[in-house]
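Structure record follows, encoded as structure tokens.
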Amino acid sequence: MLKRSSLPAITALLGLMIGGGSVEYLHRHHDHLAKEAFAQRARCMALADQYIRNNTDNDTILRLEKVDFSEASNTCFAAIRSSTALGAMDEDGWELVDLLTGEVTDVGSCIRQRDCGEGRNIRYMDRLGVIFGSAIDGTKPPQDARRK
């Protein structure tokens, strides 16, 4: 039979083994999640690059502002700014694109020579940032962000 004096030592040893094992499991689980998130983001970036290539032509140039994976929606979203040559008028536009479904949410556009000034283009960029963040989080954007 065990001596009373060895019982605390055995309990402490068991506690250390269980605690150490738990910490190691948590570290490995966190590393796995980080690798998975990195792979998803890399996949989203490749899809965004492909979308930009496929939708840019002589008249329209697309620029990727942001891209990320949404765990809430299990999809990739890209915030895109476009510049289109319309003869004497050039148009700038902002849109959110679901890269898996191809669904495009128009955020707004303005004619550079006519109505992009006075902070209007800044408001569109800010609105795109808010809508992009909401899409990534899986939340509904604030009402004022959805207005044009």
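In the structure tokens, the first chain shown is A, the next is B, and so on; residue numbers restart at 1 for each chain, and ligands run from 1 in the order shown.
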Quick one: residues within 7 Å of Trp94 of chain A, only C-alpha atoms counted, chain neighbours fewer than 6 positions away excluded, as a list in words?
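With the cut-off at 7 Å, the set is Ile80, Arg81, Ser82, Asp106, Val107, Gly108, Ser109, Tyr124 and Leu128 of chain A.
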Distance atom CA of Ala48 of chain A-atom CA of Thr101 of chain A, one decimal place?
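Taking atom CA of Ala48 of chain A as the start and atom CA of Thr101 of chain A as the end point, the length is 12.3 Å.
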Contacts of Ala79 of chain A at 12 Å (only C-alpha atoms; same-chain gap of 3+ positions) as a PyMOL selection string
chain A and resi 44-45+48+51-52+62-69+76+82+93-99+104-107+124-136
Per DSSP on the backbone, filter segment 33-123 of chain A down to the residues in strand (DSSP E or B) and report them as a count of residues only.
41
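In this structure, atom CA of Cys116 of chain A sits 13.3 Å away from atom CA of Thr84 of chain A.
Closest to Glu36 of chain A among A:Gly138, A:Asp115, A:Glu71, A:Met89 is A:Glu71, based on only C-alpha atoms.
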For atom CA of Ser83 of chain A and atom CA of Arg112 of chain A, determine how far apart the two atoms are, in Å to one decimal place.
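For atom CA of Ser83 of chain A relative to atom CA of Arg112 of chain A, the distance reads 9.3 Å.
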Smallest atom-to-atom distance to Gly117 of chain A: which of A:Gly21, A:Arg41, A:Asp92, A:Gly15, using only C-alpha atoms?
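Answer, going by the shortest atom-to-atom distance: A:Asp92.
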